[in-house]
>>> print(open('structure02.csv').read())   # CSV, C-alpha atoms
chain,number,residue,atom,x,y,z
A,1,MET,CA,-52.6,-31.1,61.7
A,2,GLU,CA,-54.1,-30.2,65.1
A,3,ILE,CA,-51.5,-32.4,66.9
A,4,ALA,CA,-48.6,-30.9,65.0
A,5,ALA,CA,-49.9,-27.4,65.8
A,6,GLN,CA,-50.2,-28.3,69.5
A,7,LEU,CA,-46.6,-29.6,69.5
A,8,GLN,CA,-45.4,-26.4,67.9
A,9,ARG,CA,-47.2,-24.0,70.2
A,10,PRO,CA,-44.8,-24.4,73.2
A,11,TRP,CA,-41.8,-23.6,71.0
A,12,ALA,CA,-43.5,-20.7,69.4
A,13,ALA,CA,-44.5,-19.4,72.7
A,14,ARG,CA,-41.0,-19.7,74.1
A,15,ALA,CA,-39.6,-18.0,71.0
A,16,ARG,CA,-42.0,-15.1,71.5
A,17,ALA,CA,-41.1,-14.9,75.2
A,18,VAL,CA,-37.3,-14.6,74.6
A,19,THR,CA,-37.3,-12.4,71.5
A,20,PRO,CA,-37.6,-9.0,73.2
A,21,GLY,CA,-34.6,-9.8,75.5
A,22,LEU,CA,-32.5,-11.2,72.7
A,23,ILE,CA,-33.2,-8.1,70.6
A,24,ALA,CA,-32.2,-5.9,73.6
A,25,CYS,CA,-28.9,-7.8,74.1
A,26,ALA,CA,-28.2,-7.6,70.3
A,27,VAL,CA,-28.7,-3.8,70.3
A,28,VAL,CA,-26.3,-3.4,73.3
A,29,GLY,CA,-23.8,-5.8,71.6
A,30,SER,CA,-23.9,-3.8,68.3
A,31,ALA,CA,-23.5,-0.5,70.1
A,32,ALA,CA,-20.5,-2.0,72.1
A,33,THR,CA,-18.9,-3.3,68.9
A,34,PHE,CA,-19.3,0.1,67.3
A,35,LEU,CA,-17.7,1.9,70.2
A,36,SER,CA,-14.9,-0.6,70.5
A,37,GLU,CA,-14.0,-0.2,66.8
A,38,HIS,CA,-14.0,3.6,67.0
A,39,TYR,CA,-12.3,4.1,70.4
A,40,GLY,CA,-10.0,1.0,70.7
A,41,ALA,CA,-11.3,-0.1,74.1
A,42,PRO,CA,-12.3,-3.8,74.8
A,43,VAL,CA,-15.7,-4.6,73.4
A,44,MET,CA,-16.4,-6.7,76.5
A,45,LEU,CA,-16.0,-3.7,78.7
A,46,PHE,CA,-18.3,-1.6,76.6
A,47,ALA,CA,-20.9,-4.4,76.5
A,48,LEU,CA,-20.8,-4.6,80.3
A,49,LEU,CA,-21.2,-0.9,80.9
A,50,LEU,CA,-24.0,-0.4,78.4
A,51,GLY,CA,-25.7,-3.5,79.7
A,52,MET,CA,-25.5,-2.1,83.3
A,53,ALA,CA,-27.0,1.1,82.1
A,54,MET,CA,-30.1,-0.8,80.9
A,55,ASN,CA,-30.4,-3.1,83.9
A,56,PHE,CA,-34.0,-2.0,84.4
A,57,LEU,CA,-34.9,-4.4,81.5
A,58,SER,CA,-34.0,-7.4,83.6
A,59,THR,CA,-36.7,-6.8,86.1
A,60,ASP,CA,-40.1,-8.4,85.7
A,61,GLY,CA,-41.1,-7.6,82.1
A,62,PRO,CA,-41.0,-8.8,78.5
A,63,CYS,CA,-37.2,-8.7,78.2
A,64,ARG,CA,-36.3,-10.8,81.3
A,65,PRO,CA,-36.7,-14.3,79.7
A,66,GLY,CA,-34.5,-13.4,76.7
A,67,ILE,CA,-31.8,-11.8,79.0
A,68,GLU,CA,-31.7,-14.9,81.1
A,69,LEU,CA,-31.3,-17.1,78.0
A,70,THR,CA,-28.6,-14.8,76.6
A,71,SER,CA,-26.6,-14.7,79.8
A,72,ARG,CA,-26.6,-18.5,80.1
A,73,THR,CA,-27.3,-20.5,77.0
A,74,VAL,CA,-25.8,-18.1,74.5
A,75,LEU,CA,-22.8,-17.8,76.8
A,76,ARG,CA,-22.1,-21.5,76.7
A,77,ILE,CA,-22.5,-21.6,72.9
A,78,GLY,CA,-19.9,-18.9,72.6
A,79,ILE,CA,-17.5,-20.7,74.8
A,80,ALA,CA,-17.9,-24.0,72.8
A,81,LEU,CA,-17.1,-22.2,69.6
A,82,LEU,CA,-13.7,-21.0,71.0
A,83,GLY,CA,-12.5,-24.5,70.1
A,84,LEU,CA,-12.3,-23.5,66.4
A,85,ARG,CA,-9.4,-21.2,67.3
A,86,ILE,CA,-7.0,-23.9,68.4
A,87,THR,CA,-5.2,-26.8,66.7
A,88,MET,CA,-2.8,-29.2,68.3
A,89,SER,CA,-0.3,-28.5,65.5
A,90,GLN,CA,-0.2,-24.9,66.6
A,91,VAL,CA,0.7,-26.0,70.1
A,92,ALA,CA,3.4,-28.4,68.9
A,93,GLY,CA,4.9,-25.8,66.7
A,94,LEU,CA,5.9,-23.7,69.7
A,95,GLY,CA,8.3,-26.3,71.1
A,96,TRP,CA,8.2,-27.7,74.6
A,97,GLU,CA,9.7,-24.8,76.4
A,98,PRO,CA,6.9,-22.2,75.9
A,99,VAL,CA,4.3,-25.0,76.4
A,100,ALA,CA,5.9,-25.9,79.8
A,101,LEU,CA,6.1,-22.2,80.7
A,102,VAL,CA,2.4,-21.6,80.0
A,103,MET,CA,1.2,-24.8,81.8
A,104,PHE,CA,3.3,-24.0,84.8
A,105,SER,CA,2.2,-20.4,84.9
A,106,VAL,CA,-1.5,-21.2,84.7
A,107,VAL,CA,-1.3,-23.8,87.4
A,108,VAL,CA,0.8,-21.7,89.8
A,109,THR,CA,-1.2,-18.5,89.2
A,110,ILE,CA,-4.6,-20.1,89.8
A,111,SER,CA,-3.2,-21.8,92.9
A,112,VAL,CA,-1.8,-18.6,94.3
A,113,SER,CA,-5.0,-16.8,93.4
A,114,ILE,CA,-7.1,-19.3,95.4
A,115,ALA,CA,-4.7,-18.9,98.4
A,116,ALA,CA,-4.8,-15.1,98.2
A,117,ALA,CA,-8.6,-15.0,97.9
A,118,ARG,CA,-8.9,-17.1,101.0
A,119,LEU,CA,-6.4,-14.9,102.8
A,120,LEU,CA,-8.5,-11.8,101.9
A,121,GLY,CA,-11.7,-13.5,103.1
A,122,PHE,CA,-13.2,-14.5,99.7
A,123,SER,CA,-14.4,-17.9,98.7
A,124,THR,CA,-12.4,-20.5,96.8
A,125,HIS,CA,-14.8,-20.0,93.9
A,126,PHE,CA,-13.9,-16.3,93.6
A,127,GLY,CA,-10.2,-17.2,93.6
A,128,VAL,CA,-10.7,-19.7,90.8
A,129,LEU,CA,-12.7,-17.2,88.8
A,130,THR,CA,-10.2,-14.3,89.1
A,131,GLY,CA,-7.2,-16.6,88.9
A,132,GLY,CA,-8.5,-18.4,85.8
A,133,ALA,CA,-9.4,-15.1,84.1
A,134,THR,CA,-5.9,-13.7,84.8
A,135,ALA,CA,-4.0,-16.9,83.9
A,136,ILE,CA,-5.9,-18.1,80.8
A,137,CYS,CA,-7.8,-15.8,78.6
A,138,GLY,CA,-9.4,-12.9,80.4
A,139,ALA,CA,-13.1,-12.3,80.1
A,140,SER,CA,-13.7,-15.5,78.1
A,141,ALA,CA,-12.2,-17.6,80.8
A,142,ALA,CA,-14.1,-15.8,83.5
A,143,LEU,CA,-17.4,-16.4,81.7
A,144,ALA,CA,-16.5,-20.1,81.0
A,145,LEU,CA,-15.5,-20.8,84.6
A,146,SER,CA,-18.6,-19.0,85.9
A,147,ALA,CA,-20.7,-21.2,83.8
A,148,ALA,CA,-19.0,-24.3,85.2
A,149,LEU,CA,-19.0,-23.3,88.8
A,150,PRO,CA,-22.0,-24.1,91.1
A,151,SER,CA,-24.6,-21.5,91.5
A,152,HIS,CA,-24.5,-19.2,94.5
A,153,PRO,CA,-26.1,-15.8,95.4
A,154,SER,CA,-23.2,-13.6,94.4
A,155,LYS,CA,-22.1,-15.5,91.3
A,156,ASP,CA,-23.3,-13.0,88.7
A,157,ARG,CA,-21.8,-10.1,90.7
A,158,SER,CA,-18.5,-11.8,91.1
A,159,THR,CA,-18.4,-12.7,87.4
A,160,LEU,CA,-19.3,-9.1,86.4
A,161,PHE,CA,-16.6,-7.6,88.6
A,162,THR,CA,-14.0,-10.1,87.3
A,163,VAL,CA,-14.8,-9.3,83.6
A,164,ILE,CA,-14.6,-5.6,84.3
A,165,GLY,CA,-11.3,-5.9,86.2
A,166,VAL,CA,-9.6,-8.2,83.8
A,167,SER,CA,-10.7,-6.1,80.8
A,168,ALA,CA,-9.3,-3.0,82.3
A,169,LEU,CA,-6.0,-4.6,83.4
A,170,SER,CA,-5.6,-6.2,79.9
A,171,THR,CA,-5.9,-2.8,78.3
A,172,LEU,CA,-3.2,-1.4,80.6
A,173,ALA,CA,-1.0,-4.4,79.9
A,174,MET,CA,-1.4,-3.9,76.2
A,175,VAL,CA,0.2,-0.5,76.5
A,176,ALA,CA,2.8,-1.1,79.2
A,177,TYR,CA,4.1,-4.6,78.4
A,178,PRO,CA,5.6,-3.9,75.0
A,179,LEU,CA,7.4,-0.9,76.6
A,180,LEU,CA,8.7,-3.2,79.3
A,181,ALA,CA,9.8,-5.8,76.7
A,182,ARG,CA,11.8,-3.1,74.8
A,183,ALA,CA,13.3,-1.8,78.0
A,184,LEU,CA,14.5,-5.3,78.9
A,185,GLY,CA,16.0,-5.8,75.5
A,186,PHE,CA,13.9,-8.9,74.5
A,187,ASP,CA,14.3,-10.2,71.0
A,188,ALA,CA,11.1,-11.0,69.0
A,189,LYS,CA,10.8,-14.6,70.3
A,190,HIS,CA,11.2,-13.7,74.0
A,191,ALA,CA,9.0,-10.6,73.6
A,192,GLY,CA,6.3,-12.6,71.9
A,193,VAL,CA,6.3,-15.3,74.6
A,194,PHE,CA,6.2,-12.8,77.3
A,195,LEU,CA,3.3,-10.9,75.8
A,196,GLY,CA,1.4,-14.0,75.0
A,197,ALA,CA,1.9,-15.5,78.4
A,198,THR,CA,0.9,-12.5,80.4
A,199,ILE,CA,-1.7,-10.3,78.7
A,200,HIS,CA,-5.3,-11.4,79.5
A,201,ASP,CA,-7.4,-11.0,76.4
A,202,VAL,CA,-6.6,-12.3,72.9
A,203,ALA,CA,-7.3,-9.0,71.2
A,204,GLN,CA,-4.9,-7.1,73.5
A,205,VAL,CA,-2.2,-9.8,72.9
A,206,VAL,CA,-2.5,-9.4,69.2
A,207,GLY,CA,-2.4,-5.6,69.4
A,208,ALA,CA,0.7,-5.6,71.7
A,209,GLY,CA,2.6,-8.3,69.8
A,210,TYR,CA,2.2,-6.7,66.3
A,211,SER,CA,3.1,-3.3,67.8
A,212,LEU,CA,6.6,-4.7,68.2
A,213,SER,CA,7.1,-6.7,65.0
A,214,PRO,CA,5.3,-9.3,62.8
A,215,GLU,CA,7.4,-12.1,64.3
A,216,ALA,CA,6.7,-11.1,67.9
A,217,GLY,CA,3.0,-10.8,67.0
A,218,ASP,CA,2.8,-14.3,65.5
A,219,ILE,CA,4.6,-15.9,68.5
A,220,ALA,CA,2.5,-13.9,71.0
A,221,THR,CA,-0.7,-15.1,69.3
A,222,LEU,CA,0.3,-18.7,69.3
A,223,VAL,CA,1.3,-18.6,73.0
A,224,LYS,CA,-2.0,-16.9,73.8
A,225,LEU,CA,-3.9,-19.6,72.0
A,226,LEU,CA,-2.0,-22.2,74.0
A,227,ARG,CA,-3.3,-20.4,77.2
A,228,VAL,CA,-6.8,-20.6,75.7
A,229,ALA,CA,-6.4,-24.3,75.2
A,230,MET,CA,-5.7,-24.6,79.0
A,231,LEU,CA,-9.3,-23.6,79.5
A,232,LEU,CA,-10.5,-27.1,78.9
A,233,PRO,CA,-8.5,-29.0,81.5
A,234,VAL,CA,-9.0,-26.2,84.0
A,235,ILE,CA,-12.8,-26.3,83.6
A,236,VAL,CA,-12.8,-30.1,83.9
A,237,ILE,CA,-10.7,-30.0,87.1
A,238,THR,CA,-12.9,-27.2,88.5
A,239,VAL,CA,-16.0,-29.2,87.8
A,240,LEU,CA,-14.6,-32.4,89.4
A,241,LEU,CA,-13.5,-30.5,92.5
A,242,THR,CA,-16.7,-28.6,93.0
A,243,ARG,CA,-19.2,-31.2,91.9
A,244,SER,CA,-19.3,-33.2,95.1
A,245,LYS,CA,-19.9,-30.0,97.1
A,246,ALA,CA,-22.4,-28.2,94.8
A,247,ASN,CA,-25.9,-28.0,96.2
A,248,ALA,CA,-25.1,-30.7,98.8
A,249,GLU,CA,-28.1,-29.6,100.9
A,250,ALA,CA,-30.5,-30.2,97.9
A,251,GLY,CA,-28.8,-33.5,96.9
A,252,GLU,CA,-28.0,-32.1,93.4
A,253,ARG,CA,-24.8,-32.1,91.5
A,254,PRO,CA,-23.8,-30.4,88.2
A,255,PRO,CA,-23.0,-32.7,85.3
A,256,LEU,CA,-19.5,-34.3,85.3
A,257,LEU,CA,-18.7,-32.6,82.0
A,258,PRO,CA,-20.9,-29.7,80.9
A,259,TRP,CA,-22.1,-30.0,77.4
A,260,PHE,CA,-20.2,-26.8,76.3
A,261,VAL,CA,-16.9,-28.3,77.5
A,262,ILE,CA,-17.5,-31.4,75.4
A,263,ALA,CA,-18.4,-29.3,72.4
A,264,PHE,CA,-15.2,-27.2,73.0
A,265,ALA,CA,-13.0,-30.3,73.0
A,266,ALA,CA,-14.8,-31.8,70.0
A,267,LEU,CA,-14.2,-28.6,68.0
A,268,VAL,CA,-10.6,-28.5,68.9
A,269,ALA,CA,-10.2,-32.1,67.6
A,270,PHE,CA,-12.3,-31.3,64.5
A,271,ASN,CA,-10.0,-28.3,63.8
A,272,SER,CA,-6.8,-30.2,64.6
A,273,LEU,CA,-7.7,-32.9,62.0
A,274,GLY,CA,-7.9,-30.2,59.3
A,275,TRP,CA,-11.6,-30.7,58.7
A,276,ALA,CA,-12.5,-27.1,59.4
A,277,PRO,CA,-11.9,-24.9,56.3
A,278,PRO,CA,-10.7,-21.3,56.9
A,279,ALA,CA,-14.1,-19.9,56.1
A,280,LEU,CA,-15.7,-22.1,58.8
A,281,GLN,CA,-13.0,-21.1,61.3
A,282,ARG,CA,-13.6,-17.4,60.6
A,283,LEU,CA,-17.4,-18.0,60.9
A,284,GLY,CA,-16.9,-19.8,64.2
A,285,ASN,CA,-14.6,-17.1,65.6
A,286,ASP,CA,-17.1,-14.4,64.6
A,287,ALA,CA,-20.0,-16.3,66.0
A,288,SER,CA,-18.1,-17.0,69.3
A,289,ARG,CA,-17.2,-13.3,69.7
A,290,TRP,CA,-20.8,-12.3,69.1
A,291,CYS,CA,-22.2,-14.8,71.5
A,292,LEU,CA,-19.8,-13.7,74.2
A,293,VAL,CA,-20.5,-10.0,73.6
A,294,LEU,CA,-24.3,-10.6,73.8
A,295,SER,CA,-24.0,-12.8,76.9
A,296,ILE,CA,-21.9,-10.2,78.8
A,297,ALA,CA,-24.4,-7.6,77.8
A,298,GLY,CA,-27.1,-9.8,79.4
A,299,ILE,CA,-25.0,-10.3,82.5
A,300,GLY,CA,-24.6,-6.5,82.7
A,301,MET,CA,-28.3,-6.0,82.4
A,302,LYS,CA,-28.8,-8.4,85.4
A,303,THR,CA,-26.5,-6.5,87.6
A,304,HIS,CA,-27.1,-3.3,89.6
A,305,LEU,CA,-24.4,-0.7,90.4
A,306,LYS,CA,-25.1,-1.0,94.1
A,307,ASP,CA,-24.3,-4.7,94.0
A,308,LEU,CA,-21.0,-4.0,92.2
A,309,ALA,CA,-20.0,-1.3,94.6
A,310,ALA,CA,-20.6,-3.7,97.5
A,311,VAL,CA,-17.5,-5.8,96.6
A,312,GLY,CA,-15.2,-3.2,98.1
A,313,PHE,CA,-11.5,-2.5,97.5
A,314,LYS,CA,-10.1,-5.9,98.3
A,315,PRO,CA,-11.1,-7.6,95.0
A,316,VAL,CA,-9.2,-4.8,93.1
A,317,VAL,CA,-6.1,-5.6,95.2
A,318,LEU,CA,-6.6,-9.3,94.5
A,319,MET,CA,-6.8,-8.9,90.7
A,320,LEU,CA,-4.0,-6.4,90.5
A,321,GLY,CA,-1.8,-8.7,92.6
A,322,GLU,CA,-2.6,-11.7,90.3
A,323,THR,CA,-1.7,-9.7,87.2
A,324,VAL,CA,1.6,-8.5,88.7
A,325,PHE,CA,2.4,-12.0,89.9
A,326,LEU,CA,1.8,-13.6,86.5
A,327,ALA,CA,4.0,-11.0,84.8
A,328,GLY,CA,6.8,-11.5,87.4
A,329,LEU,CA,6.6,-15.3,87.1
A,330,ALA,CA,6.8,-15.1,83.3
A,331,LEU,CA,9.9,-12.9,83.5
A,332,VAL,CA,11.6,-15.4,85.8
A,333,LEU,CA,10.7,-18.4,83.6
A,334,LEU,CA,11.9,-16.6,80.5
A,335,ARG,CA,15.4,-16.9,81.7
A,336,TRP,CA,15.4,-20.6,80.9
A,337,LEU,CA,13.9,-20.1,77.4
A,338,PRO,CA,16.5,-20.5,74.7
>>> encode(input="structure02.csv", output="structure tokens")
Amino acid sequence: MEIAAQLQRPWAARARAVTPGLIACAVVGSAATFLSEHYGAPVMLFALLLGMAMNFLSTDGPCRPGIELTSRTVLRIGIALLGLRITMSQVAGLGWEPVALVMFSVVVTISVSIAAARLLGFSTHFGVLTGGATAICGASAALALSAALPSHPSKDRSTLFTVIGVSALSTLAMVAYPLLARALGFDAKHAGVFLGATIHDVAQVVGAGYSLSPEAGDIATLVKLLRVAMLLPVIVITVLLTRSKANAEAGERPPLLPWFVIAFAALVAFNSLGWAPPALQRLGNDASRWCLVLSIAGIGMKTHLKDLAAVGFKPVVLMLGETVFLAGLALVLLRWLP
């Protein structure tokens, strides 16, 4: 009995250490969800702003261990659970043209973002972060890529800015892009593909698509899920390209495949095989959303406003340019869509 008690003590002590921070992040996440449901703004943006208002909790104190756990481990769990949103049959049902359009857009947008970031004096990592968030799935992609990239002093600040920027731009696109689709005379299919291929966050894609018609909403959602599926190969390629350079001075390398990437792929396969009942899919989606909201609240708590203000005007220009470029590229590629 004494041996068993001794083995349990470290886990109990660790649980006690992280509980205050977890509770703080849960309170912020609940408040952000309430505000999002009542005012229609992105829940990620509310979680960030409320978390930043409580950044004093991340200094040395009882909440710090739980905030660190939430901004790292809980984040990775949420990313892994995104795999329950996607099946290969959904991808196949779109036909090869939208699939090719999405794949080409993601690759070109991230490549252009890296080049533009370097031109503006930023690191390649920042270009990958903002380009991936713009091209794939907004705040979720930014968090996933941040978790996969090597650690560096400005990583949390860059992630925070990217999430804020992509959430704001996604909200603007949700309002403006359906108006643009109507002005261009798009039918339901072309409008759905355009909205799904360009708006950053899933929730905003759904809102924009179904504001036009049920058919446009269904197509927009499927195209958006295809972009979400691109998260896996982009993370793998990012890890492979940065692994040899990460912490070279210390002789350390990140794992070839982070565990959350493997879990994401496994859940996609599990869902594609039809083994995940609808109730489990809903549970996984809800759990993923909560994990991501809690983790972004934790990241907000770890960031100070003076750090965010120090990024300057050029990152705003970069993200706005990436968004406009993606929309323009999609409009050009839509000309070849039957």
>>> closest_residue(input="structure02.csv", among="A:Phe122, A:Ser295, A:Val206, A:Ala144", to="Val239 (chain A)", atoms="all atoms listed in the file")
A:Ala144
>>> closest_residue(input="structure02.csv", among="A:Leu241, A:Leu35, A:Ala229, A:Val175", to="Gln204 (chain A)", atoms="all atoms listed in the file")
A:Val175
>>> residues_around(input="structure02.csv", residues="region 99-104 of chain A", least_positions_apart="6", cutoff="10 Å", atoms="all atoms listed in the file", output="list in words")
Val91, Ala92, Gly93, Ala135, Ile136, Val193, Phe194, Gly196, Ala197, Thr198, Val223, Lys224, Leu226, Arg227, Met230, Leu329, Ala330, Leu333, Leu334, Trp336 and Leu337 of chain A
>>> write_last_selection(input="structure02.csv", atoms="C-alpha atoms", output="short mmCIF file (atom, residue, chain, number, x, y, z; two decimals), in the coordinates of the input")
data_model
loop_
_atom_site.label_atom_id
_atom_site.label_comp_id
_atom_site.auth_asym_id
_atom_site.auth_seq_id
_atom_site.Cartn_x
_atom_site.Cartn_y
_atom_site.Cartn_z
CA VAL A 91 0.70 -26.00 70.10
CA ALA A 92 3.40 -28.40 68.90
CA GLY A 93 4.90 -25.80 66.70
CA ALA A 135 -4.00 -16.90 83.90
CA ILE A 136 -5.90 -18.10 80.80
CA VAL A 193 6.30 -15.30 74.60
CA PHE A 194 6.20 -12.80 77.30
CA GLY A 196 1.40 -14.00 75.00
CA ALA A 197 1.90 -15.50 78.40
CA THR A 198 0.90 -12.50 80.40
CA VAL A 223 1.30 -18.60 73.00
CA LYS A 224 -2.00 -16.90 73.80
CA LEU A 226 -2.00 -22.20 74.00
CA ARG A 227 -3.30 -20.40 77.20
CA MET A 230 -5.70 -24.60 79.00
CA LEU A 329 6.60 -15.30 87.10
CA ALA A 330 6.80 -15.10 83.30
CA LEU A 333 10.70 -18.40 83.60
CA LEU A 334 11.90 -16.60 80.50
CA TRP A 336 15.40 -20.60 80.90
CA LEU A 337 13.90 -20.10 77.40
#
>>> closest_residue(input="structure02.csv", among="A:Ala116, A:Leu81, A:Ala266, A:Leu169", to="Asn285 (chain A)", atoms="only C-alpha atoms")
A:Leu81
>>> atom_distance(input="structure02.csv", atom1="CA of Val234 (chain A)", atom2="CA of Val107 (chain A)")
8.8 Å
>>> closest_residue(input="structure02.csv", among="A:Val166, A:Gly132, A:Phe161, A:Asp201", to="Leu232 (chain A)", atoms="all atoms listed in the file")
A:Gly132
>>> closest_residue(input="structure02.csv", among="A:Leu326, A:Val108, A:Ala139, A:Leu129", to="Leu48 (chain A)", atoms="all atoms listed in the file")
A:Ala139
>>> atom_distance(input="structure02.csv", atom1="CA of Pro338 (chain A)", atom2="CA of Leu222 (chain A)")
17.2 Å
>>> residues_near_point(input="structure02.csv", point="(-27.1, -8.1, 70.6)", cutoff="12 Å", atoms="all atoms listed in the file", output="PDB file with C-alpha atoms, in the coordinates of the input")
ATOM      1  CA  THR A  19     -37.300 -12.400  71.500  1.00  0.00           C
ATOM      2  CA  PRO A  20     -37.600  -9.000  73.200  1.00  0.00           C
ATOM      3  CA  GLY A  21     -34.600  -9.800  75.500  1.00  0.00           C
ATOM      4  CA  LEU A  22     -32.500 -11.200  72.700  1.00  0.00           C
ATOM      5  CA  ILE A  23     -33.200  -8.100  70.600  1.00  0.00           C
ATOM      6  CA  ALA A  24     -32.200  -5.900  73.600  1.00  0.00           C
ATOM      7  CA  CYS A  25     -28.900  -7.800  74.100  1.00  0.00           C
ATOM      8  CA  ALA A  26     -28.200  -7.600  70.300  1.00  0.00           C
ATOM      9  CA  VAL A  27     -28.700  -3.800  70.300  1.00  0.00           C
ATOM     10  CA  VAL A  28     -26.300  -3.400  73.300  1.00  0.00           C
ATOM     11  CA  GLY A  29     -23.800  -5.800  71.600  1.00  0.00           C
ATOM     12  CA  SER A  30     -23.900  -3.800  68.300  1.00  0.00           C
ATOM     13  CA  ALA A  31     -23.500  -0.500  70.100  1.00  0.00           C
ATOM     14  CA  ALA A  32     -20.500  -2.000  72.100  1.00  0.00           C
ATOM     15  CA  THR A  33     -18.900  -3.300  68.900  1.00  0.00           C
ATOM     16  CA  PHE A  34     -19.300   0.100  67.300  1.00  0.00           C
ATOM     17  CA  ALA A  47     -20.900  -4.400  76.500  1.00  0.00           C
ATOM     18  CA  LEU A  50     -24.000  -0.400  78.400  1.00  0.00           C
ATOM     19  CA  GLY A  51     -25.700  -3.500  79.700  1.00  0.00           C
ATOM     20  CA  GLY A  66     -34.500 -13.400  76.700  1.00  0.00           C
ATOM     21  CA  ILE A  67     -31.800 -11.800  79.000  1.00  0.00           C
ATOM     22  CA  THR A  70     -28.600 -14.800  76.600  1.00  0.00           C
ATOM     23  CA  SER A  71     -26.600 -14.700  79.800  1.00  0.00           C
ATOM     24  CA  VAL A  74     -25.800 -18.100  74.500  1.00  0.00           C
ATOM     25  CA  ALA A 287     -20.000 -16.300  66.000  1.00  0.00           C
ATOM     26  CA  ARG A 289     -17.200 -13.300  69.700  1.00  0.00           C
ATOM     27  CA  TRP A 290     -20.800 -12.300  69.100  1.00  0.00           C
ATOM     28  CA  CYS A 291     -22.200 -14.800  71.500  1.00  0.00           C
ATOM     29  CA  LEU A 292     -19.800 -13.700  74.200  1.00  0.00           C
ATOM     30  CA  VAL A 293     -20.500 -10.000  73.600  1.00  0.00           C
ATOM     31  CA  LEU A 294     -24.300 -10.600  73.800  1.00  0.00           C
ATOM     32  CA  SER A 295     -24.000 -12.800  76.900  1.00  0.00           C
ATOM     33  CA  ILE A 296     -21.900 -10.200  78.800  1.00  0.00           C
ATOM     34  CA  ALA A 297     -24.400  -7.600  77.800  1.00  0.00           C
ATOM     35  CA  GLY A 298     -27.100  -9.800  79.400  1.00  0.00           C
TER      36      GLY A 298
END
>>> residues_around(input="structure02.csv", residues="Ser167 (chain A)", least_positions_apart="6", cutoff="8 Å", atoms="all atoms listed in the file", output="PDB file with C-alpha atoms, keeping the file's coordinate frame")
ATOM      1  CA  PRO A  42     -12.300  -3.800  74.800  1.00  0.00           C
ATOM      2  CA  MET A  44     -16.400  -6.700  76.500  1.00  0.00           C
ATOM      3  CA  LEU A  45     -16.000  -3.700  78.700  1.00  0.00           C
ATOM      4  CA  GLY A 138      -9.400 -12.900  80.400  1.00  0.00           C
ATOM      5  CA  ALA A 139     -13.100 -12.300  80.100  1.00  0.00           C
ATOM      6  CA  HIS A 200      -5.300 -11.400  79.500  1.00  0.00           C
ATOM      7  CA  ASP A 201      -7.400 -11.000  76.400  1.00  0.00           C
TER       8      ASP A 201
END
>>> closest_residue(input="structure02.csv", among="A:Arg85, A:Ile299, A:Ser211, A:Ala142", to="Leu283 (chain A)", atoms="only C-alpha atoms")
A:Arg85
>>> atom_distance(input="structure02.csv", atom1="CA of Trp11 (chain A)", atom2="CA of Gly61 (chain A)")
19.5 Å
>>> closest_atom_pairs(input="structure02.csv", of="region 18-114 of chain A", to="region 315-318 of chain A", cutoff="12 Å", atoms="only C-alpha atoms", output="JSON lines")
{"residue": "A:Thr109", "atom": "CA", "partner": "A:Leu318", "partner_atom": "CA", "distance": 11.9}
{"residue": "A:Ile110", "atom": "CA", "partner": "A:Leu318", "partner_atom": "CA", "distance": 11.9}
{"residue": "A:Val112", "atom": "CA", "partner": "A:Leu318", "partner_atom": "CA", "distance": 10.5}
{"residue": "A:Ser113", "atom": "CA", "partner": "A:Leu318", "partner_atom": "CA", "distance": 7.7}
{"residue": "A:Ile114", "atom": "CA", "partner": "A:Leu318", "partner_atom": "CA", "distance": 10.1}
>>> decode(input="structure02.csv", residues="region 316-332 of chain A", atoms="C-alpha atoms", output="PDB file, in the first residue's frame")
ATOM      1  CA  VAL A 316      -0.786  43.324 -41.069  1.00  0.00           C
ATOM      2  CA  VAL A 317       0.212  44.077 -44.658  1.00  0.00           C
ATOM      3  CA  LEU A 318       1.518  40.523 -45.043  1.00  0.00           C
ATOM      4  CA  MET A 319      -1.661  38.804 -43.846  1.00  0.00           C
ATOM      5  CA  LEU A 320      -3.953  41.131 -45.766  1.00  0.00           C
ATOM      6  CA  GLY A 321      -1.896  40.525 -48.906  1.00  0.00           C
ATOM      7  CA  GLU A 322      -2.069  36.755 -48.394  1.00  0.00           C
ATOM      8  CA  THR A 323      -5.861  36.903 -48.053  1.00  0.00           C
ATOM      9  CA  VAL A 324      -6.294  39.008 -51.190  1.00  0.00           C
ATOM     10  CA  PHE A 325      -3.879  36.779 -53.108  1.00  0.00           C
ATOM     11  CA  LEU A 326      -5.788  33.601 -52.158  1.00  0.00           C
ATOM     12  CA  ALA A 327      -9.121  35.133 -53.208  1.00  0.00           C
ATOM     13  CA  GLY A 328      -7.675  36.327 -56.529  1.00  0.00           C
ATOM     14  CA  LEU A 329      -6.059  32.960 -57.221  1.00  0.00           C
ATOM     15  CA  ALA A 330      -9.330  31.128 -56.516  1.00  0.00           C
ATOM     16  CA  LEU A 331     -11.233  33.439 -58.877  1.00  0.00           C
ATOM     17  CA  VAL A 332      -8.731  32.740 -61.656  1.00  0.00           C
TER      18      VAL A 332
END
